[in-house]
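Heads up, target-v4.cif below (mmCIF, C-alpha atoms):
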data_query
#
loop_
_atom_site.label_atom_id
_atom_site.label_comp_id
_atom_site.auth_asym_id
_atom_site.auth_seq_id
_atom_site.Cartn_x
_atom_site.Cartn_y
_atom_site.Cartn_z
CA MET R 1 0.00 0.00 0.00
CA THR R 2 1.34 3.37 -0.84
CA ASP R 3 0.49 6.73 0.53
CA THR R 4 1.60 9.54 -1.69
CA SER R 5 -0.59 12.25 -0.30
CA ILE R 6 1.04 15.66 -0.26
CA ASN R 7 0.29 18.28 2.29
CA THR R 8 -0.46 21.37 0.28
CA GLN R 9 -2.07 23.28 3.11
CA SER R 10 0.93 23.61 5.40
CA ARG R 11 1.47 27.20 4.42
CA SER R 12 -1.01 29.83 3.48
CA ALA R 13 -0.61 31.96 0.40
CA GLU R 14 0.47 34.84 2.62
CA THR R 15 3.38 33.03 4.25
CA ASP R 16 4.44 31.02 1.21
CA ALA R 17 7.86 32.17 0.08
CA GLN R 18 8.09 33.80 -3.32
CA PHE R 19 11.25 34.00 -5.40
CA SER R 20 11.80 37.54 -4.15
CA ASP R 21 11.93 36.24 -0.56
CA TYR R 22 14.78 33.90 -1.42
CA PHE R 23 16.49 36.74 -3.29
CA ALA R 24 16.09 38.97 -0.23
CA LEU R 25 18.20 36.43 1.72
CA LEU R 26 21.15 37.58 -0.39
CA LYS R 27 20.92 41.16 0.98
CA PRO R 28 20.61 42.87 -2.43
CA ARG R 29 21.42 46.32 -1.03
CA VAL R 30 24.73 45.16 0.40
CA MET R 31 25.29 43.35 -2.88
CA THR R 32 25.25 46.64 -4.80
CA LEU R 33 28.25 47.81 -2.75
CA VAL R 34 29.99 44.48 -3.31
CA VAL R 35 29.32 44.56 -7.06
CA PHE R 36 30.46 48.15 -7.46
CA THR R 37 33.68 47.90 -5.43
CA ALA R 38 34.59 44.54 -7.01
CA PHE R 39 33.94 46.07 -10.44
CA VAL R 40 36.27 48.98 -9.64
CA GLY R 41 38.95 46.60 -8.34
CA LEU R 42 38.69 44.55 -11.51
CA LEU R 43 38.83 47.52 -13.89
CA ALA R 44 41.55 49.36 -11.96
CA ALA R 45 43.82 46.33 -12.33
CA PRO R 46 46.56 46.68 -14.94
CA THR R 47 45.78 43.31 -16.52
CA PRO R 48 42.71 43.44 -18.78
CA LEU R 49 40.20 40.62 -18.46
CA HIS R 50 37.91 39.33 -21.21
CA PRO R 51 34.59 41.22 -20.78
CA PHE R 52 32.52 38.05 -20.38
CA VAL R 53 34.96 36.55 -17.88
CA GLY R 54 34.95 39.90 -16.05
CA PHE R 55 31.15 39.89 -15.97
CA CYS R 56 31.14 36.32 -14.61
CA ALA R 57 33.78 37.21 -12.00
CA ILE R 58 31.64 40.09 -10.70
CA LEU R 59 28.57 37.85 -10.73
CA PHE R 60 30.30 35.10 -8.72
CA ILE R 61 31.71 37.63 -6.24
CA ALA R 62 28.17 39.04 -5.84
CA ILE R 63 26.73 35.53 -5.36
CA GLY R 64 29.43 34.76 -2.77
CA GLY R 65 28.59 37.99 -0.94
CA GLY R 66 24.90 37.13 -1.12
CA ALA R 67 25.56 33.62 0.19
CA SER R 68 27.34 35.01 3.23
CA GLY R 69 24.32 37.31 3.72
CA ALA R 70 21.99 34.27 3.73
CA LEU R 71 24.20 32.50 6.28
CA ASN R 72 24.24 35.67 8.37
CA MET R 73 20.43 35.75 8.34
CA TRP R 74 20.30 32.07 9.29
CA TRP R 75 22.54 32.58 12.32
CA ASP R 76 21.11 35.95 13.38
CA ALA R 77 17.39 35.12 12.98
CA ASP R 78 16.84 35.63 16.73
CA ILE R 79 18.39 39.11 16.65
CA ASP R 80 16.61 40.05 13.42
CA ALA R 81 13.24 39.20 14.95
CA VAL R 82 13.83 41.74 17.74
CA MET R 83 15.26 44.62 15.75
CA LYS R 84 12.82 46.90 13.96
CA ARG R 85 15.20 47.42 11.03
CA THR R 86 15.42 43.67 10.32
CA GLN R 87 12.02 42.34 11.40
CA ARG R 88 10.76 42.08 7.84
CA ARG R 89 13.64 39.91 6.66
CA PRO R 90 12.44 36.57 5.22
CA ILE R 91 13.21 34.37 8.25
CA PRO R 92 11.69 36.53 11.05
CA ALA R 93 8.75 37.29 8.71
CA GLY R 94 8.09 33.52 8.52
CA LYS R 95 8.51 33.35 4.75
CA VAL R 96 11.66 31.23 4.68
CA THR R 97 12.83 28.73 7.29
CA GLY R 98 16.27 28.89 8.88
CA ASP R 99 17.16 25.52 7.34
CA GLU R 100 16.31 26.78 3.86
CA ALA R 101 18.48 29.88 4.36
CA PHE R 102 21.35 27.70 5.60
CA ALA R 103 21.06 25.35 2.61
CA ILE R 104 20.94 28.24 0.13
CA GLY R 105 23.88 29.97 1.83
CA ILE R 106 26.11 26.89 1.83
CA ALA R 107 25.19 25.87 -1.72
CA LEU R 108 25.75 29.34 -3.17
CA SER R 109 29.03 29.75 -1.23
CA ALA R 110 30.46 26.57 -2.72
CA PHE R 111 29.09 27.41 -6.16
CA SER R 112 30.50 30.94 -6.21
CA VAL R 113 33.99 29.95 -5.00
CA VAL R 114 34.36 27.02 -7.39
CA PHE R 115 33.03 28.95 -10.38
CA LEU R 116 35.18 32.01 -9.64
CA GLY R 117 38.20 29.72 -9.48
CA LEU R 118 37.32 28.07 -12.78
CA ALA R 119 36.48 31.35 -14.51
CA THR R 120 39.49 33.36 -13.31
CA ASN R 121 42.06 31.97 -10.88
CA TRP R 122 42.31 30.28 -7.48
CA VAL R 123 43.82 33.29 -5.69
CA ALA R 124 40.59 35.21 -6.30
CA ALA R 125 38.54 32.13 -5.36
CA GLY R 126 40.58 31.70 -2.16
CA LEU R 127 40.01 35.35 -1.23
CA LEU R 128 36.27 34.95 -1.84
CA ALA R 129 36.18 31.80 0.32
CA PHE R 130 38.07 33.63 3.06
CA THR R 131 35.68 36.59 2.83
CA ILE R 132 32.65 34.31 3.27
CA PHE R 133 34.36 32.54 6.19
CA PHE R 134 35.34 35.87 7.77
CA TYR R 135 31.87 37.36 7.50
CA VAL R 136 29.97 34.27 8.64
CA VAL R 137 32.26 32.70 11.24
CA ILE R 138 34.55 35.49 12.50
CA TYR R 139 32.04 38.35 12.36
CA THR R 140 28.53 36.87 12.59
CA MET R 141 29.14 33.90 14.88
CA TRP R 142 31.94 35.25 17.02
CA LEU R 143 32.60 39.00 17.13
CA LYS R 144 29.11 40.43 16.67
CA ARG R 145 27.75 39.19 19.99
CA TRP R 146 31.04 39.40 21.87
CA THR R 147 32.83 42.72 21.40
CA PRO R 148 31.84 46.35 20.76
CA GLN R 149 34.65 46.41 18.19
CA ASN R 150 32.51 43.99 16.11
CA ILE R 151 31.95 46.58 13.40
CA VAL R 152 35.62 47.54 13.19
CA ILE R 153 36.98 44.02 12.65
CA GLY R 154 33.88 42.73 10.87
CA GLY R 155 34.16 45.60 8.41
CA ALA R 156 37.04 43.72 6.81
CA ALA R 157 34.56 41.30 5.23
CA GLY R 158 32.90 44.14 3.31
CA ALA R 159 36.29 45.52 2.31
CA PHE R 160 37.52 42.43 0.46
CA PRO R 161 35.49 42.68 -2.81
CA PRO R 162 37.80 45.20 -4.57
CA MET R 163 40.75 42.97 -3.63
CA ILE R 164 38.94 39.96 -5.10
CA GLY R 165 38.14 41.91 -8.27
CA TRP R 166 41.81 42.93 -8.56
CA ALA R 167 42.95 39.35 -7.92
CA ALA R 168 40.51 38.03 -10.54
CA ALA R 169 42.27 40.18 -13.15
CA THR R 170 45.89 39.95 -11.98
CA GLY R 171 46.01 36.65 -10.10
CA GLY R 172 47.54 38.30 -7.04
CA VAL R 173 47.46 40.95 -4.33
CA SER R 174 49.26 44.30 -4.54
CA VAL R 175 49.62 47.62 -2.75
CA GLU R 176 46.81 49.15 -4.81
CA SER R 177 44.30 46.45 -3.92
CA VAL R 178 45.28 46.65 -0.24
CA LEU R 179 44.67 50.42 -0.36
CA MET R 180 41.17 49.86 -1.74
CA PHE R 181 40.61 47.35 1.05
CA CYS R 182 41.79 49.90 3.66
CA LEU R 183 39.48 52.58 2.29
CA THR R 184 36.35 50.47 2.85
CA PHE R 185 37.71 49.03 6.09
CA MET R 186 38.24 52.47 7.67
CA TRP R 187 34.94 53.77 6.29
CA THR R 188 32.81 51.02 7.88
CA PRO R 189 33.00 52.04 11.59
CA PRO R 190 31.81 55.67 11.24
CA HIS R 191 29.15 54.53 8.76
CA PHE R 192 27.69 51.92 11.12
CA TRP R 193 28.11 53.89 14.34
CA ALA R 194 26.11 56.76 12.84
CA LEU R 195 23.37 54.22 12.07
CA ALA R 196 23.60 52.84 15.62
CA LEU R 197 23.13 56.36 17.03
CA PHE R 198 19.77 56.92 15.37
CA MET R 199 18.59 53.26 15.42
CA ARG R 200 19.42 53.26 19.13
CA LYS R 201 16.61 51.12 20.56
CA ASP R 202 17.24 48.33 18.06
CA TYR R 203 20.67 47.30 19.32
CA ASP R 204 19.64 47.77 22.97
CA ASN R 205 16.70 45.38 22.53
CA ALA R 206 18.71 42.80 20.61
CA ASP R 207 21.46 42.77 23.25
CA VAL R 208 24.15 43.22 20.61
CA PRO R 209 27.25 44.82 22.20
CA MET R 210 27.33 47.86 19.95
CA LEU R 211 29.57 50.68 21.08
CA THR R 212 26.48 52.77 21.82
CA VAL R 213 25.32 50.14 24.32
CA THR R 214 28.60 49.13 25.97
CA HIS R 215 30.53 52.43 26.10
CA GLY R 216 27.75 54.95 25.77
CA ARG R 217 26.67 57.36 23.13
CA ARG R 218 29.27 60.01 24.01
CA ALA R 219 32.07 57.48 23.40
CA THR R 220 30.45 56.54 20.07
CA ARG R 221 30.47 60.17 18.95
CA ASN R 222 34.17 60.41 19.90
CA HIS R 223 34.94 57.21 18.01
CA ILE R 224 33.12 58.46 14.88
CA LEU R 225 35.29 61.58 14.85
CA ALA R 226 38.54 59.68 15.49
CA TYR R 227 37.88 57.15 12.73
CA THR R 228 36.76 59.87 10.31
CA VAL R 229 40.05 61.73 10.84
CA LEU R 230 42.05 58.54 10.22
CA LEU R 231 39.90 57.73 7.19
CA ALA R 232 40.41 61.22 5.74
CA ILE R 233 44.20 60.93 6.02
CA LEU R 234 44.19 57.50 4.40
CA ALA R 235 41.71 58.43 1.66
CA VAL R 236 43.55 61.57 0.59
CA ALA R 237 46.97 59.87 0.83
CA ALA R 238 45.73 57.10 -1.49
CA GLY R 239 45.32 59.79 -4.14
CA PHE R 240 49.11 60.06 -4.41
CA THR R 241 49.55 56.37 -5.17
CA SER R 242 49.02 54.61 -8.49
CA ILE R 243 45.25 54.24 -7.97
CA GLY R 244 44.88 58.01 -7.51
CA GLY R 245 45.28 61.06 -9.69
CA PRO R 246 43.86 64.58 -10.10
CA VAL R 247 40.21 63.45 -10.33
CA TYR R 248 40.53 61.21 -7.29
CA ILE R 249 42.37 63.84 -5.21
CA ALA R 250 39.79 66.54 -6.03
CA THR R 251 36.90 64.19 -5.20
CA SER R 252 38.57 62.99 -2.03
CA LEU R 253 39.39 66.48 -0.76
CA VAL R 254 35.80 67.69 -1.20
CA LEU R 255 34.18 64.58 0.28
CA ASN R 256 36.57 64.30 3.21
CA ALA R 257 35.99 67.96 4.07
CA MET R 258 32.23 67.29 4.08
CA PHE R 259 32.64 64.03 6.00
CA LEU R 260 34.88 65.64 8.62
CA ARG R 261 32.41 68.48 9.00
CA GLY R 262 29.63 65.97 9.58
CA ALA R 263 31.70 64.03 12.12
CA ILE R 264 32.58 67.22 14.02
CA ARG R 265 28.91 68.18 14.06
CA ILE R 266 28.00 64.77 15.54
CA TRP R 267 30.84 65.07 18.06
CA ARG R 268 29.64 68.49 19.23
CA ARG R 269 26.06 67.39 19.81
CA ASP R 270 24.66 65.72 22.88
CA GLU R 271 21.63 63.47 23.16
CA ASP R 272 19.19 66.31 23.89
CA MET R 273 20.22 68.19 20.76
CA SER R 274 19.88 65.02 18.69
CA GLU R 275 16.49 64.18 20.18
CA ASP R 276 15.24 67.68 19.36
CA ASP R 277 15.70 67.26 15.60
CA ASN R 278 15.26 63.46 15.52
CA PHE R 279 18.95 62.78 14.88
CA LEU R 280 19.06 64.89 11.73
CA ALA R 281 22.85 65.35 11.73
CA GLU R 282 23.43 61.61 12.33
CA ARG R 283 21.02 60.67 9.54
CA LYS R 284 22.67 63.13 7.14
CA PHE R 285 26.11 61.77 8.03
CA PHE R 286 24.91 58.23 7.33
CA LYS R 287 23.56 59.22 3.91
CA LEU R 288 26.75 61.13 3.15
CA SER R 289 28.80 58.05 4.05
CA LEU R 290 27.10 56.12 1.24
CA LEU R 291 27.90 58.85 -1.26
CA TYR R 292 31.44 59.05 0.16
CA LEU R 293 32.31 55.46 -0.65
CA PHE R 294 30.61 55.37 -4.05
CA ALA R 295 32.30 58.64 -5.07
CA HIS R 296 35.76 57.47 -3.99
CA PHE R 297 35.49 54.21 -5.89
CA GLY R 298 33.90 56.07 -8.80
CA ALA R 299 36.94 58.35 -8.88
CA ILE R 300 39.30 55.33 -8.83
CA LEU R 301 37.32 53.95 -11.77
CA ILE R 302 37.63 57.23 -13.69
CA GLU R 303 41.37 57.37 -13.02
CA ALA R 304 41.75 53.79 -14.27
CA GLY R 305 39.77 54.69 -17.41
CA LEU R 306 41.83 57.82 -18.02
CA ASP R 307 45.03 55.84 -17.54
CA ARG R 308 43.88 53.19 -19.97
CA PHE R 309 43.09 55.76 -22.63
CA GLY R 310 46.42 57.45 -21.99
CA VAL R 311 44.98 60.78 -20.84
CA TRP R 312 47.51 61.25 -18.03
CA ALA R 313 50.34 59.57 -19.90
CA MET B 1 -5.81 13.84 -1.89
CA SER B 2 -4.76 14.01 -5.49
CA LEU B 3 -2.99 16.89 -7.05
CA SER B 4 -5.14 18.21 -9.88
CA LYS B 5 -3.58 19.98 -12.80
CA GLN B 6 -4.88 23.39 -11.80
CA HIS B 7 -4.32 23.08 -8.10
CA GLU B 8 -4.03 26.26 -6.11
CA LEU B 9 -0.45 25.22 -5.27
CA HIS B 10 0.54 25.70 -8.91
CA GLU B 11 -0.71 29.27 -8.93
CA ARG B 12 0.86 30.02 -5.58
CA ARG B 13 4.27 28.77 -6.61
CA PHE B 14 4.18 29.98 -10.21
CA GLY B 15 6.45 32.97 -9.55
CA ARG B 16 8.94 30.89 -7.63
CA ASN B 17 9.08 28.21 -10.31
CA VAL B 18 9.57 30.77 -13.09
CA GLY B 19 12.37 32.35 -11.04
CA VAL B 20 14.15 29.02 -10.53
CA GLY B 21 13.72 28.27 -14.25
CA LEU B 22 15.30 31.57 -15.23
CA VAL B 23 18.21 31.00 -12.82
CA LEU B 24 18.85 27.60 -14.41
CA VAL B 25 18.73 29.08 -17.93
CA GLY B 26 21.16 31.78 -16.75
CA LEU B 27 23.51 29.14 -15.36
CA ILE B 28 23.50 27.24 -18.66
CA ALA B 29 24.23 30.48 -20.54
CA ILE B 30 27.14 31.31 -18.22
CA VAL B 31 28.72 27.86 -18.41
CA PHE B 32 28.32 27.86 -22.20
CA GLY B 33 29.70 31.39 -22.54
CA LEU B 34 32.70 30.68 -20.30
CA THR B 35 33.43 27.51 -22.23
CA VAL B 36 33.37 29.38 -25.54
CA VAL B 37 35.64 32.15 -24.22
CA LYS B 38 38.11 29.75 -22.61
CA VAL B 39 38.34 27.47 -25.62
CA THR B 40 38.57 30.21 -28.25
CA ARG B 41 41.29 32.03 -26.28
CA GLY B 42 43.26 28.83 -25.98
CA ASP B 43 43.13 28.64 -22.19
CA TYR B 44 42.45 24.95 -22.47
CA GLU B 45 44.46 23.09 -25.02
CA THR B 46 44.30 19.42 -25.51
CA PRO B 47 47.67 17.72 -24.98
CA ALA B 48 49.60 17.15 -28.16
CA THR B 49 49.00 13.67 -29.44
CA GLN B 50 51.75 11.58 -30.93
CA SER B 51 51.11 9.10 -33.62
CA VAL B 52 52.31 5.70 -32.72
CA SER B 53 53.91 4.01 -35.64
CA GLN B 54 55.26 0.56 -35.61
#

Could you render the structure as structure tokens?
Amino acid sequence: MTDTSINTQSRSAETDAQFSDYFALLKPRVMTLVVFTAFVGLLAAPTPLHPFVGFCAILFIAIGGGASGALNMWWDADIDAVMKRTQRRPIPAGKVTGDEAFAIGIALSAFSVVFLGLATNWVAAGLLAFTIFFYVVIYTMWLKRWTPQNIVIGGAAGAFPPMIGWAAATGGVSVESVLMFCLTFMWTPPHFWALALFMRKDYDNADVPMLTVTHGRRATRNHILAYTVLLAILAVAAGFTSIGGPVYIATSLVLNAMFLRGAIRIWRRDEDMSEDDNFLAERKFFKLSLLYLFAHFGAILIEAGLDRFGVWA
Amino acid sequence: MSLSKQHELHERRFGRNVGVGLVLVGLIAIVFGLTVVKVTRGDYETPATQSVSQ
């Protein structure tokens, strides 16, 4: 006797996952940053890559980044359910189960690393594998719930894509790719701490040891200013290396002046002032930080293009 | 309970199935494209064969 009945009523139409829910596991917004910085790293490299191979390399790097996002959502489902900003993610919303997210994350991680290796080289594939490991194991599983420096060290994971793009083209690591890594690495703390200042209740409720929770909001404001100063020095100095040039230096000077101004404004304010205008300065600084990174990498891209067409030669 | 051809499940999962189908088509296109590029650029060359004469 056989029983092949299928339970088709286990989920209602409202909670049934659509394709977009699975796609949302890959954190598409973060993916845009990964795609753009990896693209810049790839094009800034001195070794040209076949356009189709280059396209595939960016795609596999994006898939690898997305896979680590899915694994992050699988591990952090408990935190995501508490935080307002993340409550609508597929797992806390009940659209996708944790097991599904885990399976998708692992499968896409393996797929992206192997295919990047086959399409380009194994240095790039190794860097991608390390990035996934760093983001999922070092940051998500270990640092995030343990130290208020989680953002600082964890930021390295988001800084690897330009290095992977560079490695995909050249087959190695060089000073230029390390500089692009440093730019994103130093940018991450002020970017996230500004977010933590105006999303304050979220991290308190989730019991994540963000700097705002463990060392107070005054200390966070001080840290934002300190990291912004260090970032400004690094960003402008990079303009005098081979990835920089007149366009980059001009862009960097303007943006760092604006970014420093924003950081000083945040540093001067106290909680009462921020409450009065609903954290306007902090929100503006956060938005500016997005423009800051895109403009810097955009300038590196322009410099690479100008170099290639022999404009500065 | 039998699964009829026009079961509600088919409608509910139509979008998901189309999405998975497109991803698979994309994968085929990428593997094919990479193969063409690699072979035409000579990245993969078959080892030289030697004729064995007695």

Give me the residues of chain B that have any atom at most 9 Å from an atom of chain R; for each, the nearest atom pair and the distance in Å, rounded to one decimal. Use only C-alpha atoms, sort by chain and number, and format it as JSON lines.
{"residue": "B:Met1", "atom": "CA", "partner": "R:Ser5", "partner_atom": "CA", "distance": 5.7}
{"residue": "B:Ser2", "atom": "CA", "partner": "R:Ser5", "partner_atom": "CA", "distance": 6.9}
{"residue": "B:Leu3", "atom": "CA", "partner": "R:Ile6", "partner_atom": "CA", "distance": 8.0}
{"residue": "B:Glu8", "atom": "CA", "partner": "R:Thr8", "partner_atom": "CA", "distance": 8.8}
{"residue": "B:Leu9", "atom": "CA", "partner": "R:Thr8", "partner_atom": "CA", "distance": 6.8}
{"residue": "B:Arg12", "atom": "CA", "partner": "R:Ala13", "partner_atom": "CA", "distance": 6.5}
{"residue": "B:Arg13", "atom": "CA", "partner": "R:Gln18", "partner_atom": "CA", "distance": 7.1}
{"residue": "B:Phe14", "atom": "CA", "partner": "R:Gln18", "partner_atom": "CA", "distance": 8.8}
{"residue": "B:Gly15", "atom": "CA", "partner": "R:Phe19", "partner_atom": "CA", "distance": 6.4}
{"residue": "B:Arg16", "atom": "CA", "partner": "R:Phe19", "partner_atom": "CA", "distance": 4.5}
{"residue": "B:Asn17", "atom": "CA", "partner": "R:Phe19", "partner_atom": "CA", "distance": 7.9}
{"residue": "B:Val18", "atom": "CA", "partner": "R:Phe19", "partner_atom": "CA", "distance": 8.5}
{"residue": "B:Gly19", "atom": "CA", "partner": "R:Phe19", "partner_atom": "CA", "distance": 6.0}
{"residue": "B:Val20", "atom": "CA", "partner": "R:Phe19", "partner_atom": "CA", "distance": 7.7}
{"residue": "B:Ile30", "atom": "CA", "partner": "R:Cys56", "partner_atom": "CA", "distance": 7.4}
{"residue": "B:Gly33", "atom": "CA", "partner": "R:Phe52", "partner_atom": "CA", "distance": 7.5}
{"residue": "B:Leu34", "atom": "CA", "partner": "R:Val53", "partner_atom": "CA", "distance": 6.7}
{"residue": "B:Val37", "atom": "CA", "partner": "R:Phe52", "partner_atom": "CA", "distance": 7.7}
{"residue": "B:Lys38", "atom": "CA", "partner": "R:Ala119", "partner_atom": "CA", "distance": 8.4}

Selection under test: the PyMOL selection byres ((chain R and resi 204-214) around 8); residues as a ChimeraX atom specification: /R:79-80,82-83,144-150,193,196-197,200-203,215-217,219-220

Grab the CA of Phe181 in chain R to CA of Asp307 in chain R distance for me, in Å with one decimal place.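 CA of Asp307 in chain R lies at a distance of 20.9 Å from CA of Phe181 in chain R.
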
Please provide the set of residues having any atom within 12 Å of Ile61 in chain R, restricted to all atoms listed in the file, with same-chain residues fewer than 4 positions apart removed, written as a JSON list (two decimals) with C-alpha atoms, in the coordinates of the input.
[["chain", "number", "residue", "atom", "x", "y", "z"],
["R", 31, "MET", "CA", 25.29, 43.35, -2.88],
["R", 32, "THR", "CA", 25.25, 46.64, -4.80],
["R", 33, "LEU", "CA", 28.25, 47.81, -2.75],
["R", 34, "VAL", "CA", 29.99, 44.48, -3.31],
["R", 35, "VAL", "CA", 29.32, 44.56, -7.06],
["R", 36, "PHE", "CA", 30.46, 48.15, -7.46],
["R", 37, "THR", "CA", 33.68, 47.90, -5.43],
["R", 38, "ALA", "CA", 34.59, 44.54, -7.01],
["R", 39, "PHE", "CA", 33.94, 46.07, -10.44],
["R", 41, "GLY", "CA", 38.95, 46.60, -8.34],
["R", 42, "LEU", "CA", 38.69, 44.55, -11.51],
["R", 54, "GLY", "CA", 34.95, 39.90, -16.05],
["R", 55, "PHE", "CA", 31.15, 39.89, -15.97],
["R", 56, "CYS", "CA", 31.14, 36.32, -14.61],
["R", 57, "ALA", "CA", 33.78, 37.21, -12.00],
["R", 65, "GLY", "CA", 28.59, 37.99, -0.94],
["R", 66, "GLY", "CA", 24.90, 37.13, -1.12],
["R", 67, "ALA", "CA", 25.56, 33.62, 0.19],
["R", 68, "SER", "CA", 27.34, 35.01, 3.23],
["R", 108, "LEU", "CA", 25.75, 29.34, -3.17],
["R", 109, "SER", "CA", 29.03, 29.75, -1.23],
["R", 110, "ALA", "CA", 30.46, 26.57, -2.72],
["R", 111, "PHE", "CA", 29.09, 27.41, -6.16],
["R", 112, "SER", "CA", 30.50, 30.94, -6.21],
["R", 113, "VAL", "CA", 33.99, 29.95, -5.00],
["R", 114, "VAL", "CA", 34.36, 27.02, -7.39],
["R", 115, "PHE", "CA", 33.03, 28.95, -10.38],
["R", 116, "LEU", "CA", 35.18, 32.01, -9.64],
["R", 117, "GLY", "CA", 38.20, 29.72, -9.48],
["R", 119, "ALA", "CA", 36.48, 31.35, -14.51],
["R", 120, "THR", "CA", 39.49, 33.36, -13.31],
["R", 124, "ALA", "CA", 40.59, 35.21, -6.30],
["R", 125, "ALA", "CA", 38.54, 32.13, -5.36],
["R", 126, "GLY", "CA", 40.58, 31.70, -2.16],
["R", 127, "LEU", "CA", 40.01, 35.35, -1.23],
["R", 128, "LEU", "CA", 36.27, 34.95, -1.84],
["R", 129, "ALA", "CA", 36.18, 31.80, 0.32],
["R", 130, "PHE", "CA", 38.07, 33.63, 3.06],
["R", 131, "THR", "CA", 35.68, 36.59, 2.83],
["R", 132, "ILE", "CA", 32.65, 34.31, 3.27],
["R", 158, "GLY", "CA", 32.90, 44.14, 3.31],
["R", 160, "PHE", "CA", 37.52, 42.43, 0.46],
["R", 161, "PRO", "CA", 35.49, 42.68, -2.81],
["R", 162, "PRO", "CA", 37.80, 45.20, -4.57],
["R", 163, "MET", "CA", 40.75, 42.97, -3.63],
["R", 164, "ILE", "CA", 38.94, 39.96, -5.10],
["R", 165, "GLY", "CA", 38.14, 41.91, -8.27],
["R", 166, "TRP", "CA", 41.81, 42.93, -8.56],
["R", 167, "ALA", "CA", 42.95, 39.35, -7.92],
["R", 168, "ALA", "CA", 40.51, 38.03, -10.54]]

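Going from CA of Gln87 in chain R to CA of Tyr135 in chain R covers 20.8 Å.
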
What is the distance, in Å and to one decimal place, between CA of Arg308 in chain R and CA of Thr251 in chain R?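 Those two atoms sit 19.7 Å apart.
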
Residues matched by the PyMOL selection byres ((chain R and resi 306) around 12) as a list in words: Leu43, Ala44, Ile243, Gly244, Gly245, Pro246, Val247, Tyr248, Ala299, Ile300, Leu301, Ile302, Glu303, Ala304, Gly305, Asp307, Arg308, Phe309, Gly310, Val311, Trp312 and Ala313 of chain R

Could you give me range 171-184 of chain R completed to N, CA and C atoms, formatted as a short mmCIF file (atom, residue, chain, number, x, y, z; two decimals), keeping the file's coordinate frame?
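Contents of the output file out.cif:
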data_model
loop_
_atom_site.label_atom_id
_atom_site.label_comp_id
_atom_site.auth_asym_id
_atom_site.auth_seq_id
_atom_site.Cartn_x
_atom_site.Cartn_y
_atom_site.Cartn_z
N GLY R 171 45.57 37.92 -10.69
CA GLY R 171 46.01 36.65 -10.10
C GLY R 171 46.80 36.84 -8.82
N GLY R 172 46.78 38.07 -8.28
CA GLY R 172 47.54 38.30 -7.04
C GLY R 172 47.02 39.48 -6.24
N VAL R 173 47.80 39.83 -5.21
CA VAL R 173 47.46 40.95 -4.33
C VAL R 173 48.57 41.98 -4.46
N SER R 174 48.21 43.27 -4.43
CA SER R 174 49.26 44.30 -4.54
C SER R 174 48.91 45.48 -3.64
N VAL R 175 49.82 46.46 -3.60
CA VAL R 175 49.62 47.62 -2.75
C VAL R 175 48.30 48.32 -3.09
N GLU R 176 48.02 48.44 -4.38
CA GLU R 176 46.81 49.15 -4.81
C GLU R 176 45.55 48.47 -4.28
N SER R 177 45.51 47.15 -4.38
CA SER R 177 44.30 46.45 -3.92
C SER R 177 44.18 46.52 -2.40
N VAL R 178 45.32 46.52 -1.71
CA VAL R 178 45.28 46.65 -0.24
C VAL R 178 44.77 48.04 0.14
N LEU R 179 45.16 49.05 -0.64
CA LEU R 179 44.67 50.42 -0.36
C LEU R 179 43.15 50.51 -0.52
N MET R 180 42.64 49.86 -1.55
CA MET R 180 41.17 49.86 -1.74
C MET R 180 40.48 49.13 -0.60
N PHE R 181 41.12 48.07 -0.11
CA PHE R 181 40.61 47.35 1.05
C PHE R 181 40.57 48.30 2.27
N CYS R 182 41.69 49.02 2.49
CA CYS R 182 41.79 49.90 3.66
C CYS R 182 40.74 51.01 3.62
N LEU R 183 40.46 51.49 2.43
CA LEU R 183 39.48 52.58 2.29
C LEU R 183 38.10 52.14 2.82
N THR R 184 37.65 50.97 2.40
CA THR R 184 36.35 50.47 2.85
C THR R 184 36.41 50.06 4.32
#
